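Since the structure comes first, as structure tokens, the remarks are kept for the end.
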Amino acid sequence: TLGGEGGELPRAWAALGAAAQAMAPQAVADEFDALFVSVGKPEVMSNGSWYLTGFLQEEPLAELRDDLAELGLGRRPGVTETEDHIAALAEVMRHLVLTGPDEAGLERQRRFFGRHIAPWYAQFAGALAAAPGADFYAKVGGLLAAFMDIEREAFDMLEAEAR
């Protein structure tokens, strides 16, 4: 079971909480830098294009930008991360949830999630879990996977009901 008592989500949440209590803030910051900050290729890539094509700035990013434009969204000036960064995609989903709790809004959420997050989030979470030296962020990846698995299941049920 994904949610509910004893499910993957509460277990992942508890594991992250325990890691947060056990690690000093500087150790978490150092782990972040070791995993995500690099002059060359970081230990863990946070961009969907990487997991979908093996490269950055590829067709999935262009498709995402088209979908964002259709939604009236785009990258803010001064932001250095591309729109296919996992944090940016989570912000888009937050926006879609807040601005469209009706049936049409749920369909926008389902479509966006299915096109731009579902195809690669599990690979990203797996990369976090497998990264050398990952402790705190391995737990973040576990929580991400558990949460997104519930989202995927919910959107699959929504799609099945529509048929």
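By convention in this document, the chains of the structure tokens carry letters A, B, ... by their order, each chain's residues are numbered from 1, and ligands are numbered from 1 in the order they are shown.
Within the 9 Å cut-off around stretch 79-92 of chain A, using only C-alpha atoms and omitting residues fewer than 2 positions from it on the same chain, the listed residues are Met45, Ser46, Asn47, Gly48, Ser49, Gln57, Pro60, Leu61, Leu64, Arg65, Leu68, Leu73, Gly74, Arg75, Arg76, Pro77, Arg94, His95, Leu96, Val97, Phe112, Phe113, His116, Ile117, Tyr121 and Phe124 of chain A.
Excluding stretch 16-20 of chain A itself and any same-chain residue fewer than 4 positions from it, the protein and nucleic acid residues within 8 Å of it, counting only C-alpha atoms, are Ala12, Ala24, Asp135, Phe136, Lys139, Val140 and Leu143 of chain A.
With only C-alpha atoms as the atoms that count, the minimum distance from A:Ala130 to the choices A:Val44, A:Val39, A:Ala14, A:Ala104 is reached by A:Val44.
Residue nearest A:Ala118 within the list A:Glu161, A:Asp30, A:Glu58, A:Asp156: A:Asp156 [criterion: smallest interatomic distance, only C-alpha atoms].
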Name the residues of stretch 11-157 of chain A that come out as alpha helix (DSSP H) in a backbone DSSP run; write them as an mmCIF file with N, CA, C and O atoms, in the first residue's frame.
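Saved as states-v1.cif:
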data_model
loop_
_atom_site.group_PDB
_atom_site.id
_atom_site.type_symbol
_atom_site.label_atom_id
_atom_site.label_comp_id
_atom_site.auth_asym_id
_atom_site.auth_seq_id
_atom_site.Cartn_x
_atom_site.Cartn_y
_atom_site.Cartn_z
ATOM 1 N N ARG A 11 6.260 5.762 5.822
ATOM 2 C CA ARG A 11 7.599 5.215 6.110
ATOM 3 C C ARG A 11 8.683 6.149 5.574
ATOM 4 O O ARG A 11 9.679 6.416 6.251
ATOM 5 N N ALA A 12 8.490 6.644 4.352
ATOM 6 C CA ALA A 12 9.476 7.557 3.753
ATOM 7 C C ALA A 12 9.535 8.866 4.532
ATOM 8 O O ALA A 12 10.626 9.421 4.732
ATOM 9 N N TRP A 13 8.390 9.358 4.968
ATOM 10 C CA TRP A 13 8.332 10.599 5.755
ATOM 11 C C TRP A 13 9.080 10.412 7.073
ATOM 12 O O TRP A 13 9.871 11.270 7.476
ATOM 13 N N ALA A 14 8.867 9.276 7.728
ATOM 14 C CA ALA A 14 9.542 9.004 8.999
ATOM 15 C C ALA A 14 11.055 8.869 8.798
ATOM 16 O O ALA A 14 11.837 9.358 9.617
ATOM 17 N N ALA A 15 11.464 8.222 7.715
ATOM 18 C CA ALA A 15 12.897 8.067 7.436
ATOM 19 C C ALA A 15 13.558 9.417 7.196
ATOM 20 O O ALA A 15 14.664 9.678 7.685
ATOM 21 N N LEU A 16 12.880 10.294 6.463
ATOM 22 C CA LEU A 16 13.432 11.629 6.230
ATOM 23 C C LEU A 16 13.492 12.418 7.530
ATOM 24 O O LEU A 16 14.481 13.103 7.808
ATOM 25 N N GLY A 17 12.450 12.314 8.340
ATOM 26 C CA GLY A 17 12.451 13.001 9.638
ATOM 27 C C GLY A 17 13.591 12.541 10.522
ATOM 28 O O GLY A 17 14.265 13.353 11.162
ATOM 29 N N ALA A 18 13.827 11.238 10.545
ATOM 30 C CA ALA A 18 14.928 10.699 11.353
ATOM 31 C C ALA A 18 16.276 11.192 10.836
ATOM 32 O O ALA A 18 17.158 11.550 11.628
ATOM 33 N N ALA A 19 16.426 11.222 9.516
ATOM 34 C CA ALA A 19 17.684 11.723 8.937
ATOM 35 C C ALA A 19 17.872 13.202 9.257
ATOM 36 O O ALA A 19 18.986 13.637 9.560
ATOM 37 N N ALA A 20 16.794 13.966 9.207
ATOM 38 C CA ALA A 20 16.885 15.404 9.509
ATOM 39 C C ALA A 20 17.285 15.626 10.958
ATOM 40 O O ALA A 20 18.047 16.552 11.261
ATOM 41 N N GLN A 21 16.785 14.793 11.857
ATOM 42 C CA GLN A 21 17.151 14.932 13.270
ATOM 43 C C GLN A 21 18.591 14.510 13.519
ATOM 44 O O GLN A 21 19.268 15.067 14.365
ATOM 45 N N ALA A 22 19.059 13.522 12.759
ATOM 46 C CA ALA A 22 20.388 12.958 13.010
ATOM 47 C C ALA A 22 21.518 13.772 12.382
ATOM 48 O O ALA A 22 22.649 13.705 12.848
ATOM 49 N N PRO A 25 22.795 20.596 10.107
ATOM 50 C CA PRO A 25 22.454 21.348 8.895
ATOM 51 C C PRO A 25 23.624 21.489 7.919
ATOM 52 O O PRO A 25 23.434 21.397 6.706
ATOM 53 N N GLN A 26 24.827 21.695 8.432
ATOM 54 C CA GLN A 26 25.984 21.831 7.534
ATOM 55 C C GLN A 26 26.259 20.537 6.787
ATOM 56 O O GLN A 26 26.656 20.551 5.622
ATOM 57 N N ALA A 27 26.033 19.400 7.439
ATOM 58 C CA ALA A 27 26.231 18.107 6.770
ATOM 59 C C ALA A 27 25.225 17.930 5.631
ATOM 60 O O ALA A 27 25.575 17.412 4.568
ATOM 61 N N VAL A 28 23.999 18.386 5.840
ATOM 62 C CA VAL A 28 22.988 18.322 4.777
ATOM 63 C C VAL A 28 23.393 19.242 3.631
ATOM 64 O O VAL A 28 23.310 18.860 2.457
ATOM 65 N N ALA A 29 23.855 20.439 3.948
ATOM 66 C CA ALA A 29 24.304 21.385 2.918
ATOM 67 C C ALA A 29 25.485 20.815 2.140
ATOM 68 O O ALA A 29 25.545 20.925 0.910
ATOM 69 N N ASP A 30 26.419 20.191 2.849
ATOM 70 C CA ASP A 30 27.579 19.586 2.183
ATOM 71 C C ASP A 30 27.149 18.442 1.266
ATOM 72 O O ASP A 30 27.676 18.294 0.160
ATOM 73 N N GLU A 31 26.191 17.645 1.723
ATOM 74 C CA GLU A 31 25.686 16.550 0.888
ATOM 75 C C GLU A 31 25.013 17.107 -0.364
ATOM 76 O O GLU A 31 25.199 16.590 -1.462
ATOM 77 N N PHE A 32 24.225 18.167 -0.203
ATOM 78 C CA PHE A 32 23.586 18.810 -1.353
ATOM 79 C C PHE A 32 24.642 19.230 -2.369
ATOM 80 O O PHE A 32 24.519 18.932 -3.566
ATOM 81 N N ASP A 33 25.656 19.925 -1.901
ATOM 82 C CA ASP A 33 26.711 20.390 -2.800
ATOM 83 C C ASP A 33 27.402 19.220 -3.499
ATOM 84 O O ASP A 33 27.661 19.272 -4.700
ATOM 85 N N ALA A 34 27.678 18.149 -2.754
ATOM 86 C CA ALA A 34 28.358 16.994 -3.334
ATOM 87 C C ALA A 34 27.504 16.308 -4.399
ATOM 88 O O ALA A 34 28.030 15.803 -5.390
ATOM 89 N N LEU A 35 26.196 16.322 -4.216
ATOM 90 C CA LEU A 35 25.311 15.630 -5.154
ATOM 91 C C LEU A 35 24.893 16.480 -6.352
ATOM 92 O O LEU A 35 24.787 15.970 -7.468
ATOM 93 N N PHE A 36 24.614 17.760 -6.110
ATOM 94 C CA PHE A 36 23.952 18.569 -7.129
ATOM 95 C C PHE A 36 24.765 19.721 -7.694
ATOM 96 O O PHE A 36 24.369 20.307 -8.704
ATOM 97 N N GLY A 48 14.527 16.549 -16.066
ATOM 98 C CA GLY A 48 13.828 15.507 -16.795
ATOM 99 C C GLY A 48 14.468 15.144 -18.112
ATOM 100 O O GLY A 48 14.527 13.965 -18.474
ATOM 101 N N SER A 49 14.950 16.118 -18.860
ATOM 102 C CA SER A 49 15.563 15.838 -20.162
ATOM 103 C C SER A 49 16.702 14.833 -20.031
ATOM 104 O O SER A 49 16.893 13.980 -20.903
ATOM 105 N N TRP A 50 17.457 14.922 -18.952
ATOM 106 C CA TRP A 50 18.579 14.019 -18.741
ATOM 107 C C TRP A 50 18.105 12.568 -18.658
ATOM 108 O O TRP A 50 18.683 11.677 -19.267
ATOM 109 N N TYR A 51 17.045 12.350 -17.897
ATOM 110 C CA TYR A 51 16.553 10.984 -17.702
ATOM 111 C C TYR A 51 15.813 10.461 -18.928
ATOM 112 O O TYR A 51 15.770 9.253 -19.148
ATOM 113 N N LEU A 52 15.259 11.346 -19.715
ATOM 114 C CA LEU A 52 14.496 10.927 -20.888
ATOM 115 C C LEU A 52 15.357 10.747 -22.130
ATOM 116 O O LEU A 52 15.028 9.939 -22.999
ATOM 117 N N THR A 53 16.462 11.506 -22.224
ATOM 118 C CA THR A 53 17.269 11.458 -23.449
ATOM 119 C C THR A 53 18.753 11.219 -23.189
ATOM 120 O O THR A 53 19.495 10.914 -24.125
ATOM 121 N N GLU A 59 14.601 17.695 -26.629
ATOM 122 C CA GLU A 59 13.201 17.801 -27.048
ATOM 123 C C GLU A 59 12.207 17.817 -25.883
ATOM 124 O O GLU A 59 11.249 18.588 -25.928
ATOM 125 N N PRO A 60 12.396 16.992 -24.827
ATOM 126 C CA PRO A 60 11.430 17.079 -23.728
ATOM 127 C C PRO A 60 11.338 18.474 -23.107
ATOM 128 O O PRO A 60 10.253 18.897 -22.695
ATOM 129 N N LEU A 61 12.443 19.195 -23.071
ATOM 130 C CA LEU A 61 12.420 20.554 -22.541
ATOM 131 C C LEU A 61 11.642 21.476 -23.473
ATOM 132 O O LEU A 61 10.848 22.304 -23.024
ATOM 133 N N ALA A 62 11.824 21.324 -24.769
ATOM 134 C CA ALA A 62 11.069 22.136 -25.734
ATOM 135 C C ALA A 62 9.574 21.859 -25.615
ATOM 136 O O ALA A 62 8.757 22.796 -25.621
ATOM 137 N N GLU A 63 9.206 20.589 -25.474
ATOM 138 C CA GLU A 63 7.794 20.237 -25.307
ATOM 139 C C GLU A 63 7.234 20.811 -24.014
ATOM 140 O O GLU A 63 6.102 21.301 -23.981
ATOM 141 N N LEU A 64 8.026 20.758 -22.953
ATOM 142 C CA LEU A 64 7.614 21.334 -21.676
ATOM 143 C C LEU A 64 7.394 22.834 -21.816
ATOM 144 O O LEU A 64 6.389 23.370 -21.339
ATOM 145 N N ARG A 65 8.301 23.508 -22.471
ATOM 146 C CA ARG A 65 8.155 24.955 -22.652
ATOM 147 C C ARG A 65 6.888 25.286 -23.439
ATOM 148 O O ARG A 65 6.204 26.262 -23.117
ATOM 149 N N ASP A 66 6.564 24.480 -24.437
ATOM 150 C CA ASP A 66 5.311 24.689 -25.177
ATOM 151 C C ASP A 66 4.103 24.525 -24.259
ATOM 152 O O ASP A 66 3.172 25.346 -24.289
ATOM 153 N N ASP A 67 4.115 23.482 -23.431
ATOM 154 C CA ASP A 67 2.999 23.251 -22.514
ATOM 155 C C ASP A 67 2.907 24.350 -21.464
ATOM 156 O O ASP A 67 1.800 24.778 -21.104
ATOM 157 N N LEU A 68 4.036 24.824 -20.981
ATOM 158 C CA LEU A 68 4.022 25.921 -20.008
ATOM 159 C C LEU A 68 3.459 27.190 -20.637
ATOM 160 O O LEU A 68 2.662 27.899 -19.998
ATOM 161 N N ALA A 69 3.853 27.469 -21.860
ATOM 162 C CA ALA A 69 3.324 28.657 -22.550
ATOM 163 C C ALA A 69 1.817 28.552 -22.711
ATOM 164 O O ALA A 69 1.091 29.543 -22.523
ATOM 165 N N GLU A 70 1.337 27.371 -23.026
ATOM 166 C CA GLU A 70 -0.099 27.144 -23.164
ATOM 167 C C GLU A 70 -0.828 27.407 -21.840
ATOM 168 O O GLU A 70 -1.966 27.863 -21.831
ATOM 169 N N ILE A 86 13.322 19.222 -11.356
ATOM 170 C CA ILE A 86 12.266 18.627 -10.542
ATOM 171 C C ILE A 86 11.581 19.652 -9.641
ATOM 172 O O ILE A 86 10.365 19.601 -9.457
ATOM 173 N N ALA A 87 12.319 20.606 -9.101
ATOM 174 C CA ALA A 87 11.719 21.614 -8.228
ATOM 175 C C ALA A 87 10.783 22.527 -9.017
ATOM 176 O O ALA A 87 9.704 22.886 -8.529
ATOM 177 N N ALA A 88 11.171 22.899 -10.226
ATOM 178 C CA ALA A 88 10.314 23.744 -11.058
ATOM 179 C C ALA A 88 9.034 23.000 -11.430
ATOM 180 O O ALA A 88 7.939 23.574 -11.418
ATOM 181 N N LEU A 89 9.151 21.724 -11.746
ATOM 182 C CA LEU A 89 7.975 20.935 -12.095
ATOM 183 C C LEU A 89 7.033 20.783 -10.907
ATOM 184 O O LEU A 89 5.805 20.833 -11.064
ATOM 185 N N ALA A 90 7.592 20.630 -9.713
ATOM 186 C CA ALA A 90 6.764 20.564 -8.512
ATOM 187 C C ALA A 90 6.024 21.883 -8.302
ATOM 188 O O ALA A 90 4.851 21.891 -7.907
ATOM 189 N N GLU A 91 6.682 22.998 -8.588
ATOM 190 C CA GLU A 91 6.024 24.303 -8.472
ATOM 191 C C GLU A 91 4.886 24.450 -9.485
ATOM 192 O O GLU A 91 3.842 25.014 -9.176
ATOM 193 N N VAL A 92 5.089 23.941 -10.681
ATOM 194 C CA VAL A 92 4.013 23.989 -11.676
ATOM 195 C C VAL A 92 2.828 23.155 -11.191
ATOM 196 O O VAL A 92 1.674 23.591 -11.281
ATOM 197 N N MET A 93 3.098 21.968 -10.676
ATOM 198 C CA MET A 93 2.007 21.139 -10.157
ATOM 199 C C MET A 93 1.277 21.853 -9.016
ATOM 200 O O MET A 93 0.045 21.827 -8.945
ATOM 201 N N ARG A 94 2.016 22.501 -8.131
ATOM 202 C CA ARG A 94 1.394 23.263 -7.038
ATOM 203 C C ARG A 94 0.473 24.334 -7.608
ATOM 204 O O ARG A 94 -0.670 24.494 -7.176
ATOM 205 N N HIS A 95 0.956 25.036 -8.609
ATOM 206 C CA HIS A 95 0.151 26.071 -9.262
ATOM 207 C C HIS A 95 -1.115 25.474 -9.866
ATOM 208 O O HIS A 95 -2.203 26.025 -9.715
ATOM 209 N N LEU A 96 -0.976 24.346 -10.547
ATOM 210 C CA LEU A 96 -2.131 23.717 -11.183
ATOM 211 C C LEU A 96 -3.150 23.248 -10.150
ATOM 212 O O LEU A 96 -4.365 23.352 -10.376
ATOM 213 N N VAL A 97 -2.682 22.749 -9.029
ATOM 214 C CA VAL A 97 -3.589 22.315 -7.961
ATOM 215 C C VAL A 97 -4.344 23.515 -7.395
ATOM 216 O O VAL A 97 -5.557 23.467 -7.208
ATOM 217 N N LEU A 98 -3.628 24.605 -7.140
ATOM 218 C CA LEU A 98 -4.257 25.783 -6.540
ATOM 219 C C LEU A 98 -5.209 26.495 -7.484
ATOM 220 O O LEU A 98 -6.207 27.064 -7.048
ATOM 221 N N THR A 99 -4.922 26.464 -8.767
ATOM 222 C CA THR A 99 -5.733 27.237 -9.712
ATOM 223 C C THR A 99 -6.803 26.414 -10.412
ATOM 224 O O THR A 99 -7.603 26.980 -11.148
ATOM 225 N N GLU A 103 -12.971 19.821 -12.431
ATOM 226 C CA GLU A 103 -12.702 18.703 -13.344
ATOM 227 C C GLU A 103 -11.695 19.071 -14.436
ATOM 228 O O GLU A 103 -10.784 18.294 -14.743
ATOM 229 N N ALA A 104 -11.835 20.260 -15.007
ATOM 230 C CA ALA A 104 -10.883 20.694 -16.042
ATOM 231 C C ALA A 104 -9.486 20.862 -15.450
ATOM 232 O O ALA A 104 -8.483 20.523 -16.083
ATOM 233 N N GLY A 105 -9.413 21.381 -14.223
ATOM 234 C CA GLY A 105 -8.125 21.541 -13.558
ATOM 235 C C GLY A 105 -7.468 20.206 -13.257
ATOM 236 O O GLY A 105 -6.259 20.051 -13.425
ATOM 237 N N LEU A 106 -8.269 19.232 -12.830
ATOM 238 C CA LEU A 106 -7.722 17.897 -12.586
ATOM 239 C C LEU A 106 -7.177 17.293 -13.872
ATOM 240 O O LEU A 106 -6.137 16.628 -13.859
ATOM 241 N N GLU A 107 -7.848 17.541 -14.962
ATOM 242 C CA GLU A 107 -7.354 17.023 -16.247
ATOM 243 C C GLU A 107 -6.040 17.702 -16.634
ATOM 244 O O GLU A 107 -5.131 17.048 -17.146
ATOM 245 N N ARG A 108 -5.918 19.008 -16.392
ATOM 246 C CA ARG A 108 -4.640 19.693 -16.661
ATOM 247 C C ARG A 108 -3.526 19.109 -15.807
ATOM 248 O O ARG A 108 -2.414 18.882 -16.286
ATOM 249 N N GLN A 109 -3.826 18.857 -14.528
ATOM 250 C CA GLN A 109 -2.841 18.255 -13.626
ATOM 251 C C GLN A 109 -2.428 16.873 -14.125
ATOM 252 O O GLN A 109 -1.237 16.549 -14.178
ATOM 253 N N ARG A 110 -3.404 16.046 -14.473
ATOM 254 C CA ARG A 110 -3.136 14.685 -14.940
ATOM 255 C C ARG A 110 -2.271 14.710 -16.191
ATOM 256 O O ARG A 110 -1.287 13.983 -16.298
ATOM 257 N N ARG A 111 -2.629 15.565 -17.132
ATOM 258 C CA ARG A 111 -1.886 15.649 -18.388
ATOM 259 C C ARG A 111 -0.453 16.118 -18.145
ATOM 260 O O ARG A 111 0.501 15.540 -18.667
ATOM 261 N N PHE A 112 -0.283 17.168 -17.350
ATOM 262 C CA PHE A 112 1.046 17.705 -17.079
ATOM 263 C C PHE A 112 1.904 16.666 -16.365
ATOM 264 O O PHE A 112 3.051 16.419 -16.752
ATOM 265 N N PHE A 113 1.359 16.056 -15.327
ATOM 266 C CA PHE A 113 2.086 15.037 -14.589
ATOM 267 C C PHE A 113 2.479 13.887 -15.516
ATOM 268 O O PHE A 113 3.631 13.441 -15.511
ATOM 269 N N GLY A 114 1.547 13.430 -16.302
ATOM 270 C CA GLY A 114 1.802 12.309 -17.198
ATOM 271 C C GLY A 114 2.850 12.591 -18.257
ATOM 272 O O GLY A 114 3.624 11.708 -18.627
ATOM 273 N N ARG A 115 2.885 13.810 -18.736
ATOM 274 C CA ARG A 115 3.836 14.176 -19.791
ATOM 275 C C ARG A 115 5.211 14.544 -19.252
ATOM 276 O O ARG A 115 6.223 14.251 -19.900
ATOM 277 N N HIS A 116 5.260 15.211 -18.105
ATOM 278 C CA HIS A 116 6.512 15.851 -17.707
ATOM 279 C C HIS A 116 7.136 15.370 -16.401
ATOM 280 O O HIS A 116 8.284 15.724 -16.118
ATOM 281 N N TYR A 121 10.448 10.473 -12.856
ATOM 282 C CA TYR A 121 10.696 10.733 -11.431
ATOM 283 C C TYR A 121 11.296 9.523 -10.714
ATOM 284 O O TYR A 121 12.132 9.684 -9.817
ATOM 285 N N ALA A 122 10.882 8.309 -11.083
ATOM 286 C CA ALA A 122 11.407 7.117 -10.408
ATOM 287 C C ALA A 122 12.905 6.952 -10.680
ATOM 288 O O ALA A 122 13.658 6.546 -9.782
ATOM 289 N N GLN A 123 13.342 7.288 -11.884
ATOM 290 C CA GLN A 123 14.781 7.218 -12.185
ATOM 291 C C GLN A 123 15.558 8.228 -11.348
ATOM 292 O O GLN A 123 16.642 7.922 -10.851
ATOM 293 N N PHE A 124 15.014 9.418 -11.206
ATOM 294 C CA PHE A 124 15.656 10.446 -10.384
ATOM 295 C C PHE A 124 15.737 9.983 -8.932
ATOM 296 O O PHE A 124 16.800 10.067 -8.299
ATOM 297 N N ALA A 125 14.635 9.480 -8.392
ATOM 298 C CA ALA A 125 14.633 8.992 -7.015
ATOM 299 C C ALA A 125 15.634 7.850 -6.853
ATOM 300 O O ALA A 125 16.348 7.783 -5.845
ATOM 301 N N GLY A 126 15.707 6.983 -7.851
ATOM 302 C CA GLY A 126 16.678 5.894 -7.809
ATOM 303 C C GLY A 126 18.113 6.394 -7.849
ATOM 304 O O GLY A 126 18.990 5.838 -7.174
ATOM 305 N N ALA A 127 18.356 7.439 -8.628
ATOM 306 C CA ALA A 127 19.700 8.025 -8.686
ATOM 307 C C ALA A 127 20.082 8.608 -7.331
ATOM 308 O O ALA A 127 21.237 8.490 -6.898
ATOM 309 N N LEU A 128 19.125 9.218 -6.647
ATOM 310 C CA LEU A 128 19.409 9.737 -5.303
ATOM 311 C C LEU A 128 19.734 8.603 -4.348
ATOM 312 O O LEU A 128 20.676 8.697 -3.555
ATOM 313 N N ALA A 129 18.976 7.529 -4.423
ATOM 314 C CA ALA A 129 19.194 6.393 -3.519
ATOM 315 C C ALA A 129 20.545 5.732 -3.766
ATOM 316 O O ALA A 129 21.177 5.246 -2.829
ATOM 317 N N ALA A 130 20.989 5.718 -5.019
ATOM 318 C CA ALA A 130 22.224 5.018 -5.384
ATOM 319 C C ALA A 130 23.469 5.898 -5.340
ATOM 320 O O ALA A 130 24.585 5.388 -5.472
ATOM 321 N N PHE A 136 20.875 11.859 3.581
ATOM 322 C CA PHE A 136 19.676 12.687 3.682
ATOM 323 C C PHE A 136 18.928 12.718 2.356
ATOM 324 O O PHE A 136 17.715 12.496 2.309
ATOM 325 N N TYR A 137 19.632 12.967 1.259
ATOM 326 C CA TYR A 137 18.962 13.099 -0.034
ATOM 327 C C TYR A 137 18.504 11.763 -0.599
ATOM 328 O O TYR A 137 17.581 11.720 -1.415
ATOM 329 N N ALA A 138 19.068 10.668 -0.133
ATOM 330 C CA ALA A 138 18.509 9.351 -0.476
ATOM 331 C C ALA A 138 17.115 9.236 0.136
ATOM 332 O O ALA A 138 16.186 8.715 -0.500
ATOM 333 N N LYS A 139 16.949 9.759 1.352
ATOM 334 C CA LYS A 139 15.631 9.755 2.008
ATOM 335 C C LYS A 139 14.673 10.723 1.307
ATOM 336 O O LYS A 139 13.486 10.438 1.184
ATOM 337 N N VAL A 140 15.192 11.847 0.839
ATOM 338 C CA VAL A 140 14.368 12.770 0.058
ATOM 339 C C VAL A 140 13.857 12.051 -1.190
ATOM 340 O O VAL A 140 12.680 12.160 -1.546
ATOM 341 N N GLY A 141 14.728 11.298 -1.840
ATOM 342 C CA GLY A 141 14.323 10.538 -3.019
ATOM 343 C C GLY A 141 13.264 9.496 -2.690
ATOM 344 O O GLY A 141 12.327 9.290 -3.476
ATOM 345 N N GLY A 142 13.384 8.867 -1.536
ATOM 346 C CA GLY A 142 12.370 7.908 -1.118
ATOM 347 C C GLY A 142 11.019 8.557 -0.901
ATOM 348 O O GLY A 142 9.978 8.019 -1.306
ATOM 349 N N LEU A 143 11.017 9.734 -0.284
ATOM 350 C CA LEU A 143 9.766 10.466 -0.077
ATOM 351 C C LEU A 143 9.192 10.936 -1.414
ATOM 352 O O LEU A 143 7.985 10.828 -1.647
ATOM 353 N N LEU A 144 10.039 11.435 -2.283
ATOM 354 C CA LEU A 144 9.590 11.855 -3.612
ATOM 355 C C LEU A 144 8.926 10.693 -4.348
ATOM 356 O O LEU A 144 7.826 10.838 -4.883
ATOM 357 N N ALA A 145 9.581 9.535 -4.358
ATOM 358 C CA ALA A 145 9.027 8.373 -5.062
ATOM 359 C C ALA A 145 7.693 7.954 -4.459
ATOM 360 O O ALA A 145 6.731 7.689 -5.195
ATOM 361 N N ALA A 146 7.610 7.898 -3.135
ATOM 362 C CA ALA A 146 6.362 7.486 -2.491
ATOM 363 C C ALA A 146 5.231 8.451 -2.809
ATOM 364 O O ALA A 146 4.109 8.030 -3.130
ATOM 365 N N PHE A 147 5.506 9.742 -2.744
ATOM 366 C CA PHE A 147 4.479 10.744 -3.042
ATOM 367 C C PHE A 147 4.057 10.679 -4.505
ATOM 368 O O PHE A 147 2.865 10.664 -4.828
ATOM 369 N N MET A 148 5.026 10.639 -5.398
ATOM 370 C CA MET A 148 4.702 10.616 -6.826
ATOM 371 C C MET A 148 4.012 9.314 -7.233
ATOM 372 O O MET A 148 3.174 9.325 -8.141
ATOM 373 N N ASP A 149 4.334 8.215 -6.569
ATOM 374 C CA ASP A 149 3.624 6.964 -6.851
ATOM 375 C C ASP A 149 2.145 7.095 -6.518
ATOM 376 O O ASP A 149 1.282 6.592 -7.256
ATOM 377 N N ILE A 150 1.834 7.771 -5.425
ATOM 378 C CA ILE A 150 0.427 8.013 -5.068
ATOM 379 C C ILE A 150 -0.220 8.913 -6.109
ATOM 380 O O ILE A 150 -1.354 8.666 -6.534
ATOM 381 N N GLU A 151 0.474 9.953 -6.536
ATOM 382 C CA GLU A 151 -0.060 10.832 -7.579
ATOM 383 C C GLU A 151 -0.344 10.042 -8.855
ATOM 384 O O GLU A 151 -1.397 10.187 -9.469
ATOM 385 N N ARG A 152 0.612 9.208 -9.243
ATOM 386 C CA ARG A 152 0.445 8.408 -10.465
ATOM 387 C C ARG A 152 -0.782 7.511 -10.341
ATOM 388 O O ARG A 152 -1.598 7.428 -11.255
ATOM 389 N N GLU A 153 -0.911 6.854 -9.200
ATOM 390 C CA GLU A 153 -2.048 5.964 -8.985
ATOM 391 C C GLU A 153 -3.366 6.739 -9.042
ATOM 392 O O GLU A 153 -4.350 6.281 -9.645
ATOM 393 N N ALA A 154 -3.401 7.903 -8.422
ATOM 394 C CA ALA A 154 -4.617 8.720 -8.427
ATOM 395 C C ALA A 154 -4.971 9.169 -9.840
ATOM 396 O O ALA A 154 -6.141 9.117 -10.243
ATOM 397 N N PHE A 155 -3.981 9.615 -10.602
ATOM 398 C CA PHE A 155 -4.255 10.045 -11.972
ATOM 399 C C PHE A 155 -4.649 8.871 -12.854
ATOM 400 O O PHE A 155 -5.480 9.022 -13.753
ATOM 401 N N ASP A 156 -4.084 7.691 -12.602
ATOM 402 C CA ASP A 156 -4.490 6.494 -13.348
ATOM 403 C C ASP A 156 -5.952 6.165 -13.066
ATOM 404 O O ASP A 156 -6.705 5.806 -13.977
ATOM 405 N N MET A 157 -6.369 6.287 -11.809
ATOM 406 C CA MET A 157 -7.772 6.035 -11.464
ATOM 407 C C MET A 157 -8.678 7.072 -12.110
ATOM 408 O O MET A 157 -9.756 6.733 -12.619
#
